[in-house]
file my_file-v3.pdb (PDB, C-alpha atoms and all ligand atoms)
ATOM      1  CA  MET M   4      24.308-155.981  53.036  1.00  0.00           C
ATOM      2  CA  ALA M   5      23.963-152.378  54.242  1.00  0.00           C
ATOM      3  CA  PRO M   6      24.011-149.741  51.461  1.00  0.00           C
ATOM      4  CA  ALA M   7      27.472-148.163  51.077  1.00  0.00           C
ATOM      5  CA  THR M   8      26.141-144.612  50.859  1.00  0.00           C
ATOM      6  CA  SER M   9      23.851-142.515  52.996  1.00  0.00           C
ATOM      7  CA  ARG M  10      22.725-140.347  50.043  1.00  0.00           C
ATOM      8  CA  ILE M  11      18.938-140.156  49.902  1.00  0.00           C
ATOM      9  CA  LEU M  12      16.815-140.253  46.765  1.00  0.00           C
ATOM     10  CA  ILE M  13      13.461-138.475  46.621  1.00  0.00           C
ATOM     11  CA  LEU M  14      11.659-139.647  43.490  1.00  0.00           C
ATOM     12  CA  TYR M  15       8.308-138.030  42.783  1.00  0.00           C
ATOM     13  CA  GLY M  16       5.456-137.889  40.315  1.00  0.00           C
ATOM     14  CA  THR M  17       3.227-134.846  39.926  1.00  0.00           C
ATOM     15  CA  THR M  18       0.451-133.744  37.599  1.00  0.00           C
ATOM     16  CA  ASP M  19      -0.379-130.246  38.855  1.00  0.00           C
ATOM     17  CA  GLY M  20       2.765-129.392  40.821  1.00  0.00           C
ATOM     18  CA  GLN M  21       1.890-129.977  44.481  1.00  0.00           C
ATOM     19  CA  THR M  22       3.929-133.174  44.830  1.00  0.00           C
ATOM     20  CA  ALA M  23       6.937-131.364  43.342  1.00  0.00           C
ATOM     21  CA  LYS M  24       6.514-128.834  46.163  1.00  0.00           C
ATOM     22  CA  VAL M  25       6.205-131.696  48.676  1.00  0.00           C
ATOM     23  CA  ALA M  26       9.425-133.264  47.312  1.00  0.00           C
ATOM     24  CA  SER M  27      11.287-129.933  47.650  1.00  0.00           C
ATOM     25  CA  ALA M  28      10.046-129.467  51.212  1.00  0.00           C
ATOM     26  CA  MET M  29      11.184-132.984  52.162  1.00  0.00           C
ATOM     27  CA  ALA M  30      14.612-132.341  50.615  1.00  0.00           C
ATOM     28  CA  GLU M  31      14.920-129.101  52.578  1.00  0.00           C
ATOM     29  CA  THR M  32      14.134-130.921  55.850  1.00  0.00           C
ATOM     30  CA  LEU M  33      16.769-133.588  55.130  1.00  0.00           C
ATOM     31  CA  ARG M  34      19.387-131.014  54.092  1.00  0.00           C
ATOM     32  CA  ARG M  35      18.770-129.152  57.352  1.00  0.00           C
ATOM     33  CA  LEU M  36      19.772-132.439  59.012  1.00  0.00           C
ATOM     34  CA  HIS M  37      23.019-132.254  56.939  1.00  0.00           C
ATOM     35  CA  LEU M  38      22.000-135.182  54.751  1.00  0.00           C
ATOM     36  CA  ASP M  39      22.763-135.451  51.025  1.00  0.00           C
ATOM     37  CA  VAL M  40      19.654-135.592  48.845  1.00  0.00           C
ATOM     38  CA  ASP M  41      18.868-136.009  45.149  1.00  0.00           C
ATOM     39  CA  VAL M  42      15.377-134.963  44.002  1.00  0.00           C
ATOM     40  CA  VAL M  43      14.194-136.598  40.781  1.00  0.00           C
ATOM     41  CA  ASN M  44      11.007-136.009  38.793  1.00  0.00           C
ATOM     42  CA  ALA M  45       9.956-139.471  37.582  1.00  0.00           C
ATOM     43  CA  ALA M  46       8.411-138.032  34.405  1.00  0.00           C
ATOM     44  CA  ALA M  47      11.749-136.500  33.377  1.00  0.00           C
ATOM     45  CA  SER M  48      14.431-138.924  34.559  1.00  0.00           C
ATOM     46  CA  ALA M  49      13.124-142.080  36.259  1.00  0.00           C
ATOM     47  CA  GLY M  50      15.107-144.165  33.751  1.00  0.00           C
ATOM     48  CA  ASP M  51      18.367-142.576  34.912  1.00  0.00           C
ATOM     49  CA  VAL M  52      18.142-143.449  38.620  1.00  0.00           C
ATOM     50  CA  ARG M  53      18.264-146.728  40.483  1.00  0.00           C
ATOM     51  CA  ALA M  54      17.297-147.285  44.095  1.00  0.00           C
ATOM     52  CA  GLU M  55      20.359-149.466  44.707  1.00  0.00           C
ATOM     53  CA  GLU M  56      22.618-146.417  44.289  1.00  0.00           C
ATOM     54  CA  TYR M  57      21.123-144.796  47.396  1.00  0.00           C
ATOM     55  CA  GLY M  58      21.232-145.374  51.133  1.00  0.00           C
ATOM     56  CA  ALA M  59      17.533-144.583  51.495  1.00  0.00           C
ATOM     57  CA  VAL M  60      14.647-143.646  49.226  1.00  0.00           C
ATOM     58  CA  ILE M  61      11.453-141.628  49.598  1.00  0.00           C
ATOM     59  CA  VAL M  62       8.885-141.912  46.812  1.00  0.00           C
ATOM     60  CA  ALA M  63       6.029-139.418  46.495  1.00  0.00           C
ATOM     61  CA  ALA M  64       3.145-139.451  44.017  1.00  0.00           C
ATOM     62  CA  SER M  65      -0.268-137.837  43.707  1.00  0.00           C
ATOM     63  CA  VAL M  66      -3.610-139.557  43.250  1.00  0.00           C
ATOM     64  CA  GLN M  67      -5.362-138.742  39.970  1.00  0.00           C
ATOM     65  CA  ALA M  68      -8.673-140.585  39.500  1.00  0.00           C
ATOM     66  CA  GLY M  69      -7.560-143.307  41.892  1.00  0.00           C
ATOM     67  CA  LYS M  70      -4.144-143.836  40.313  1.00  0.00           C
ATOM     68  CA  TYR M  71      -0.567-142.658  40.788  1.00  0.00           C
ATOM     69  CA  GLN M  72       1.597-141.332  37.952  1.00  0.00           C
ATOM     70  CA  ARG M  73       2.465-144.263  35.662  1.00  0.00           C
ATOM     71  CA  THR M  74       6.153-143.318  35.639  1.00  0.00           C
ATOM     72  CA  VAL M  75       6.286-143.696  39.442  1.00  0.00           C
ATOM     73  CA  THR M  76       4.411-147.017  39.499  1.00  0.00           C
ATOM     74  CA  ARG M  77       6.712-148.415  36.810  1.00  0.00           C
ATOM     75  CA  TRP M  78       9.879-147.217  38.591  1.00  0.00           C
ATOM     76  CA  VAL M  79       8.730-148.674  41.913  1.00  0.00           C
ATOM     77  CA  ARG M  80       8.004-152.057  40.275  1.00  0.00           C
ATOM     78  CA  GLU M  81      11.400-152.108  38.575  1.00  0.00           C
ATOM     79  CA  ASN M  82      13.210-151.101  41.768  1.00  0.00           C
ATOM     80  CA  ALA M  83      11.110-153.041  44.297  1.00  0.00           C
ATOM     81  CA  ALA M  84      13.851-155.466  45.331  1.00  0.00           C
ATOM     82  CA  ALA M  85      16.369-152.661  45.955  1.00  0.00           C
ATOM     83  CA  LEU M  86      13.726-150.580  47.737  1.00  0.00           C
ATOM     84  CA  ASN M  87      12.941-153.481  50.061  1.00  0.00           C
ATOM     85  CA  GLY M  88      16.646-153.780  50.870  1.00  0.00           C
ATOM     86  CA  ARG M  89      17.086-150.254  52.285  1.00  0.00           C
ATOM     87  CA  PRO M  90      15.099-147.750  54.368  1.00  0.00           C
ATOM     88  CA  SER M  91      12.249-146.444  52.243  1.00  0.00           C
ATOM     89  CA  ALA M  92       9.081-144.409  52.619  1.00  0.00           C
ATOM     90  CA  PHE M  93       6.094-143.466  50.493  1.00  0.00           C
ATOM     91  CA  ILE M  94       4.087-140.253  50.507  1.00  0.00           C
ATOM     92  CA  SER M  95       0.690-140.315  48.795  1.00  0.00           C
ATOM     93  CA  VAL M  96      -0.623-136.840  47.970  1.00  0.00           C
ATOM     94  CA  CYS M  97      -4.396-136.628  47.569  1.00  0.00           C
ATOM     95  CA  LEU M  98      -7.545-134.839  48.684  1.00  0.00           C
ATOM     96  CA  ALA M  99      -9.170-137.839  50.361  1.00  0.00           C
ATOM     97  CA  ALA M 100      -6.702-137.384  53.257  1.00  0.00           C
ATOM     98  CA  LEU M 101      -8.706-134.277  54.217  1.00  0.00           C
ATOM     99  CA  GLN M 102     -11.600-136.477  55.249  1.00  0.00           C
ATOM    100  CA  HIS M 103     -11.522-138.247  58.570  1.00  0.00           C
ATOM    101  CA  LYS M 104     -14.568-140.466  58.216  1.00  0.00           C
ATOM    102  CA  PRO M 105     -13.590-144.048  59.161  1.00  0.00           C
ATOM    103  CA  GLU M 106     -14.744-145.413  55.779  1.00  0.00           C
ATOM    104  CA  VAL M 107     -12.545-142.917  53.894  1.00  0.00           C
ATOM    105  CA  VAL M 108      -9.550-143.680  56.137  1.00  0.00           C
ATOM    106  CA  ARG M 109     -10.106-147.423  55.553  1.00  0.00           C
ATOM    107  CA  ASP M 110     -10.411-146.875  51.803  1.00  0.00           C
ATOM    108  CA  ILE M 111      -7.132-144.908  51.641  1.00  0.00           C
ATOM    109  CA  GLU M 112      -5.349-147.660  53.585  1.00  0.00           C
ATOM    110  CA  ALA M 113      -6.821-150.425  51.400  1.00  0.00           C
ATOM    111  CA  ARG M 114      -5.775-148.615  48.200  1.00  0.00           C
ATOM    112  CA  LEU M 115      -2.250-148.092  49.540  1.00  0.00           C
ATOM    113  CA  GLN M 116      -1.918-151.747  50.517  1.00  0.00           C
ATOM    114  CA  ALA M 117      -3.212-152.854  47.098  1.00  0.00           C
ATOM    115  CA  TRP M 118      -0.644-150.625  45.375  1.00  0.00           C
ATOM    116  CA  PHE M 119       2.178-151.932  47.592  1.00  0.00           C
ATOM    117  CA  ALA M 120       1.116-155.533  46.918  1.00  0.00           C
ATOM    118  CA  GLY M 121       0.932-154.865  43.166  1.00  0.00           C
ATOM    119  CA  SER M 122       4.370-153.295  43.054  1.00  0.00           C
ATOM    120  CA  GLY M 123       6.111-155.724  45.405  1.00  0.00           C
ATOM    121  CA  TRP M 124       7.429-152.830  47.510  1.00  0.00           C
ATOM    122  CA  HIS M 125       6.893-152.740  51.258  1.00  0.00           C
ATOM    123  CA  PRO M 126       8.043-149.343  52.556  1.00  0.00           C
ATOM    124  CA  GLU M 127       8.683-149.220  56.277  1.00  0.00           C
ATOM    125  CA  MET M 128       6.956-145.847  56.548  1.00  0.00           C
ATOM    126  CA  TYR M 129       4.155-144.307  54.510  1.00  0.00           C
ATOM    127  CA  ARG M 130       1.597-141.556  54.811  1.00  0.00           C
ATOM    128  CA  ALA M 131      -1.319-140.156  52.825  1.00  0.00           C
ATOM    129  CA  ILE M 132      -1.182-136.370  53.017  1.00  0.00           C
ATOM    130  CA  ALA M 133      -3.507-133.650  51.759  1.00  0.00           C
ATOM    131  CA  GLY M 134      -2.437-131.882  48.573  1.00  0.00           C
ATOM    132  CA  ALA M 135      -3.942-128.831  46.916  1.00  0.00           C
ATOM    133  CA  LEU M 136      -6.782-127.593  44.753  1.00  0.00           C
ATOM    134  CA  PRO M 137      -5.275-125.036  42.391  1.00  0.00           C
ATOM    135  CA  TYR M 138      -8.598-124.071  40.759  1.00  0.00           C
ATOM    136  CA  THR M 139      -7.213-120.998  39.004  1.00  0.00           C
ATOM    137  CA  ARG M 140      -4.492-123.035  37.304  1.00  0.00           C
ATOM    138  CA  TYR M 141      -6.839-125.744  36.002  1.00  0.00           C
ATOM    139  CA  PRO M 142      -8.232-125.540  32.469  1.00  0.00           C
ATOM    140  CA  TRP M 143     -11.982-124.724  32.606  1.00  0.00           C
ATOM    141  CA  TRP M 144     -13.158-128.343  32.231  1.00  0.00           C
ATOM    142  CA  LYS M 145     -10.954-129.561  35.059  1.00  0.00           C
ATOM    143  CA  ARG M 146     -12.081-126.658  37.278  1.00  0.00           C
ATOM    144  CA  TYR M 147     -15.710-127.577  36.589  1.00  0.00           C
ATOM    145  CA  MET M 148     -15.130-131.294  37.167  1.00  0.00           C
ATOM    146  CA  MET M 149     -13.129-130.816  40.385  1.00  0.00           C
ATOM    147  CA  ARG M 150     -15.672-128.355  41.773  1.00  0.00           C
ATOM    148  CA  ARG M 151     -18.438-130.931  41.290  1.00  0.00           C
ATOM    149  CA  ILE M 152     -16.437-133.734  42.932  1.00  0.00           C
ATOM    150  CA  VAL M 153     -15.308-131.533  45.820  1.00  0.00           C
ATOM    151  CA  ALA M 154     -18.818-130.172  46.415  1.00  0.00           C
ATOM    152  CA  LYS M 155     -20.076-133.736  46.980  1.00  0.00           C
ATOM    153  CA  ALA M 156     -17.522-134.104  49.789  1.00  0.00           C
ATOM    154  CA  ASN M 157     -18.529-130.694  51.240  1.00  0.00           C
ATOM    155  CA  GLY M 158     -15.123-129.279  50.303  1.00  0.00           C
ATOM    156  CA  ASP M 159     -14.023-125.833  49.119  1.00  0.00           C
ATOM    157  CA  THR M 160     -15.792-124.717  45.943  1.00  0.00           C
ATOM    158  CA  ASP M 161     -14.730-121.094  45.360  1.00  0.00           C
ATOM    159  CA  THR M 162     -13.078-121.573  41.979  1.00  0.00           C
ATOM    160  CA  THR M 163     -11.762-117.998  41.887  1.00  0.00           C
ATOM    161  CA  ARG M 164      -8.994-118.986  44.304  1.00  0.00           C
ATOM    162  CA  ASP M 165      -6.537-121.820  45.035  1.00  0.00           C
ATOM    163  CA  TYR M 166      -6.487-123.971  48.165  1.00  0.00           C
ATOM    164  CA  GLU M 167      -3.408-125.599  49.681  1.00  0.00           C
ATOM    165  CA  TYR M 168      -4.059-128.182  52.392  1.00  0.00           C
ATOM    166  CA  THR M 169      -0.618-129.728  52.881  1.00  0.00           C
ATOM    167  CA  ASP M 170       0.418-129.712  56.542  1.00  0.00           C
ATOM    168  CA  TRP M 171       4.080-128.756  56.136  1.00  0.00           C
ATOM    169  CA  ALA M 172       4.960-129.199  59.827  1.00  0.00           C
ATOM    170  CA  ASP M 173       3.514-132.716  59.851  1.00  0.00           C
ATOM    171  CA  LEU M 174       5.438-133.565  56.666  1.00  0.00           C
ATOM    172  CA  ALA M 175       8.710-132.283  58.194  1.00  0.00           C
ATOM    173  CA  ALA M 176       8.074-134.378  61.320  1.00  0.00           C
ATOM    174  CA  PHE M 177       7.442-137.481  59.173  1.00  0.00           C
ATOM    175  CA  VAL M 178      10.658-136.958  57.202  1.00  0.00           C
ATOM    176  CA  SER M 179      12.719-136.320  60.356  1.00  0.00           C
ATOM    177  CA  ALA M 180      11.318-139.515  61.894  1.00  0.00           C
ATOM    178  CA  PHE M 181      12.264-141.391  58.704  1.00  0.00           C
ATOM    179  CA  ALA M 182      15.837-140.038  58.842  1.00  0.00           C
ATOM    180  CA  ARG M 183      16.117-141.045  62.518  1.00  0.00           C
ATOM    181  CA  ARG M 184      14.713-144.509  61.879  1.00  0.00           C
ATOM    182  CA  ALA M 185      16.967-145.019  58.864  1.00  0.00           C
ATOM    183  CA  ALA M 186      19.942-143.914  61.024  1.00  0.00           C
ATOM    184  CA  LEU M 187      21.321-141.959  58.072  1.00  0.00           C
ATOM    185  CA  THR M 188      24.802-140.504  58.355  1.00  0.00           C
ATOM    186  CA  PRO M 189      25.156-136.725  58.074  1.00  0.00           C
ATOM    187  CA  ARG M 190      27.068-135.268  55.114  1.00  0.00           C
ATOM    188  CA  GLY M 191      30.854-135.817  55.336  1.00  0.00           C
ATOM    189  CA  ASP M 192      30.682-138.810  57.681  1.00  0.00           C
ATOM    190  CA  ASP M 193      30.872-141.293  54.768  1.00  0.00           C
ATOM    191  CA  GLU M 194      34.290-139.920  53.854  1.00  0.00           C
ATOM    192  CA  ARG M 195      35.407-139.768  57.500  1.00  0.00           C
ATOM    193  CA  LEU M 196      34.334-143.394  58.061  1.00  0.00           C
ATOM    194  CA  ALA M 197      36.051-144.511  54.856  1.00  0.00           C
ATOM    195  CA  SER M 198      39.397-142.897  55.691  1.00  0.00           C
TER     196      SER M 198
HETATM  197  C1  LIG B 201      -8.244-134.822  37.611  1.00  0.00           C
HETATM  198  C2  LIG B 201      -7.995-135.033  39.084  1.00  0.00           C
HETATM  199  C3  LIG B 201      -8.325-136.235  39.683  1.00  0.00           C
HETATM  200  C4  LIG B 201      -8.100-136.436  41.062  1.00  0.00           C
HETATM  201  N1  LIG B 201      -8.447-137.625  41.627  1.00  0.00           N
HETATM  202  C5  LIG B 201      -8.287-137.804  42.958  1.00  0.00           C
HETATM  203  C6  LIG B 201      -8.669-139.031  43.578  1.00  0.00           C
HETATM  204  O1  LIG B 201      -9.106-139.985  42.928  1.00  0.00           O
HETATM  205  N2  LIG B 201      -8.516-139.128  44.918  1.00  0.00           N
HETATM  206  C7  LIG B 201      -8.022-138.099  45.689  1.00  0.00           C
HETATM  207  O2  LIG B 201      -7.954-138.241  46.902  1.00  0.00           O
HETATM  208  N3  LIG B 201      -7.612-136.930  45.124  1.00  0.00           N
HETATM  209  C8  LIG B 201      -7.738-136.765  43.788  1.00  0.00           C
HETATM  210  N4  LIG B 201      -7.342-135.593  43.193  1.00  0.00           N
HETATM  211  C9  LIG B 201      -6.690-134.565  44.013  1.00  0.00           C
HETATM  212  C10 LIG B 201      -5.172-134.548  43.819  1.00  0.00           C
HETATM  213  O3  LIG B 201      -4.584-135.740  44.318  1.00  0.00           O
HETATM  214  C11 LIG B 201      -4.602-133.317  44.528  1.00  0.00           C
HETATM  215  O4  LIG B 201      -5.085-132.169  43.867  1.00  0.00           O
HETATM  216  C12 LIG B 201      -3.093-133.298  44.593  1.00  0.00           C
HETATM  217  O5  LIG B 201      -2.668-132.162  45.303  1.00  0.00           O
HETATM  218  C13 LIG B 201      -2.474-133.308  43.205  1.00  0.00           C
HETATM  219  O6  LIG B 201      -1.079-133.329  43.327  1.00  0.00           O
HETATM  220  P1  LIG B 201      -0.133-132.871  42.116  1.00  0.00           P
HETATM  221  O7  LIG B 201      -0.352-131.376  41.965  1.00  0.00           O
HETATM  222  O8  LIG B 201       1.239-133.194  42.570  1.00  0.00           O
HETATM  223  O9  LIG B 201      -0.562-133.656  40.927  1.00  0.00           O
HETATM  224  C14 LIG B 201      -7.532-135.383  41.839  1.00  0.00           C
HETATM  225  C15 LIG B 201      -7.199-134.168  41.219  1.00  0.00           C
HETATM  226  C16 LIG B 201      -7.410-133.993  39.873  1.00  0.00           C
HETATM  227  C17 LIG B 201      -7.046-132.676  39.244  1.00  0.00           C
END

call {"tool": "encode", "arguments": {"input": "my_file-v3.pdb", "output": "structure tokens", "more": "lines below"}}
Ligand SMILES: Cc1cc2nc3c(=O)[nH]c(=O)nc-3n(C[C@H](O)[C@H](O)[C@H](O)COP(=O)(O)O)c2cc1C
result
Amino acid sequence: MAPATSRILILYGTTDGQTAKVASAMAETLRRLHLDVDVVNAAASAGDVRAEEYGAVIVAASVQAGKYQRTVTRWVRENAAALNGRPSAFISVCLAALQHKPEVVRDIEARLQAWFAGSGWHPEMYRAIAGALPYTRYPWWKRYMMRRIVAKANGDTDTTRDYEYTDWADLAAFVSAFARRAALTPRGDDERLAS
């Protein structure tokens, strides 16, 4: 049965803040399309929201040592059936997406598919996007560790500054395509259709 509401849920997990920024940007794009959006930080309130209460859901999480935030993984598992029953999308925020070598692209895809299989969720759209390297906001040990990892991939190693790699225009295009594909109803139309 089609969901009775066109309200969209964006549920996200973040460790250093970039995915929170990604979630806000996605909400802004959807609101510009006159759609109703709730943005929920999984760490704070995942237990309070259920996918079945929404017409569509976008989940976003960041990769930390090969894993997503536990709160997001748990919520997705618990809500997999409802997620599979409505338009849904997943955004994976990471640094590997900066690399275009075929083996890295294959590895990202394999990890995504393994996570989908493990959670039982099969989003109709998903994308791995580049996040950020906020060196100046890391504690010293994290700055040191990230610099070493990033140097091996020939990335940016000036730890006196922060780097943001997210392609905001590409993200907005992805979210607009999702809204079109999900055929979501602009704000107010639910009431008009009901009356
Ligand atoms: C401790 C740590 C581990 C990370 N591990 C990975 C990783 O395994 N793969 C990857 O592609 N990016 C990795 N990253 C990069 C993050 O995914 C990237 O910085 C992202 O923007 C973080 O998003 P957040 O600020 O929402 O947590 C790691 C970053 C940190 C700080």

call {"tool": "atom_distance", "arguments": {"input": "my_file-v3.pdb", "atom1": "CA of Ala131 (chain M)", "atom2": "atom N1 of ligand LIG 201 (chain B)"}}
result
13.5 Å

call {"tool": "residues_near_ligand", "arguments": {"input": "my_file-v3.pdb", "ligand": "ligand LIG 201 (chain B)", "cutoff": "10 Å", "atoms": "all atoms listed in the file", "output": "JSON, numbers by chain"}}
result
{"M": [15, 16, 17, 18, 19, 20, 21, 22, 23, 24, 25, 26, 63, 64, 65, 66, 67, 68, 69, 70, 71, 72, 95, 96, 97, 98, 99, 100, 101, 102, 107, 111, 131, 132, 133, 134, 135, 136, 137, 138, 141, 142, 144, 145, 146, 148, 149, 150, 152, 153, 166, 167, 168, 169]}

call {"tool": "atom_distance", "arguments": {"input": "my_file-v3.pdb", "atom1": "CA of Lys155 (chain M)", "atom2": "CA of Ala172 (chain M)"}}
result
28.5 Å

call {"tool": "residues_near_point", "arguments": {"input": "my_file-v3.pdb", "point": "(11.1, -143.7, 61.0)", "cutoff": "10 Å", "atoms": "all atoms listed in the file", "output": "list in words"}}
result
Pro90, Ser91, Ala92, Glu127, Met128, Tyr129, Ala176, Phe177, Val178, Ser179, Ala180, Phe181, Ala182, Arg183, Arg184, Ala185 and Ala186 of chain M

call {"tool": "closest_residue", "arguments": {"input": "my_file-v3.pdb", "among": "M:Val108, M:Met29, M:Ile94, M:Val62", "to": "Val75 (chain M)", "atoms": "only C-alpha atoms"}}
result
M:Val62

call {"tool": "closest_residue", "arguments": {"input": "my_file-v3.pdb", "among": "M:Phe93, M:Trp143, M:Trp171, M:Tyr57", "to": "Leu187 (chain M)", "atoms": "all atoms listed in the file"}}
result
M:Tyr57

call {"tool": "closest_atom_pairs", "arguments": {"input": "my_file-v3.pdb", "of": "region 31-111 of chain M", "to": "region 120-123 of chain M", "cutoff": "12 Å", "atoms": "all atoms listed in the file", "output": "CSV"}}
result
residue,atom,partner,partner_atom,distance
M:Tyr71,CA,M:Ser122,CA,11.9
M:Arg73,CA,M:Ser122,CA,11.8
M:Val75,CA,M:Ser122,CA,10.4
M:Thr76,CA,M:Ser122,CA,7.2
M:Arg77,CA,M:Ser122,CA,8.3
M:Trp78,CA,M:Ser122,CA,9.3
M:Val79,CA,M:Ser122,CA,6.5
M:Arg80,CA,M:Ser122,CA,4.7
M:Glu81,CA,M:Ser122,CA,8.4
M:Asn82,CA,M:Ser122,CA,9.2
M:Ala83,CA,M:Gly123,CA,5.8
M:Ala84,CA,M:Gly123,CA,7.7
M:Ala85,CA,M:Gly123,CA,10.7
M:Leu86,CA,M:Gly123,CA,9.5
M:Asn87,CA,M:Gly123,CA,8.6

call {"tool": "residues_around", "arguments": {"input": "my_file-v3.pdb", "residues": "Val43 (chain M)", "least_positions_apart": "5", "cutoff": "7 Å", "atoms": "all atoms listed in the file", "output": "number ranges by chain"}}
result
M: 13-15, 48

call {"tool": "write_last_selection", "arguments": {"input": "my_file-v3.pdb", "atoms": "C-alpha atoms", "output": "CSV table (one decimal), keeping the file's coordinate frame"}}
result
chain,number,residue,atom,x,y,z
M,13,ILE,CA,13.5,-138.5,46.6
M,14,LEU,CA,11.7,-139.6,43.5
M,15,TYR,CA,8.3,-138.0,42.8
M,48,SER,CA,14.4,-138.9,34.6

call {"tool": "atom_distance", "arguments": {"input": "my_file-v3.pdb", "atom1": "CA of Pro189 (chain M)", "atom2": "CA of Asp39 (chain M)"}}
result
7.6 Å

call {"tool": "resolve_selection", "arguments": {"input": "my_file-v3.pdb", "expression": "the PyMOL selection byres (((chain M and resi 9) around 6) and not hetatm)", "output": "mmCIF file with C-alpha atoms, in the frame of the given file"}}
result
data_model
loop_
_atom_site.group_PDB
_atom_site.id
_atom_site.type_symbol
_atom_site.label_atom_id
_atom_site.label_comp_id
_atom_site.auth_asym_id
_atom_site.auth_seq_id
_atom_site.Cartn_x
_atom_site.Cartn_y
_atom_site.Cartn_z
ATOM 1 C CA THR M 8 26.141 -144.612 50.859
ATOM 2 C CA ARG M 10 22.725 -140.347 50.043
ATOM 3 C CA GLY M 58 21.232 -145.374 51.133
ATOM 4 C CA LEU M 187 21.321 -141.959 58.072
ATOM 5 C CA THR M 188 24.802 -140.504 58.355
#

call {"tool": "resolve_selection", "arguments": {"input": "my_file-v3.pdb", "expression": "the PyMOL selection byres (((chain M and resi 30) around 8) and not hetatm)", "output": "ChimeraX atom specification"}}
result
/M:13,26-29,31-34,40-42
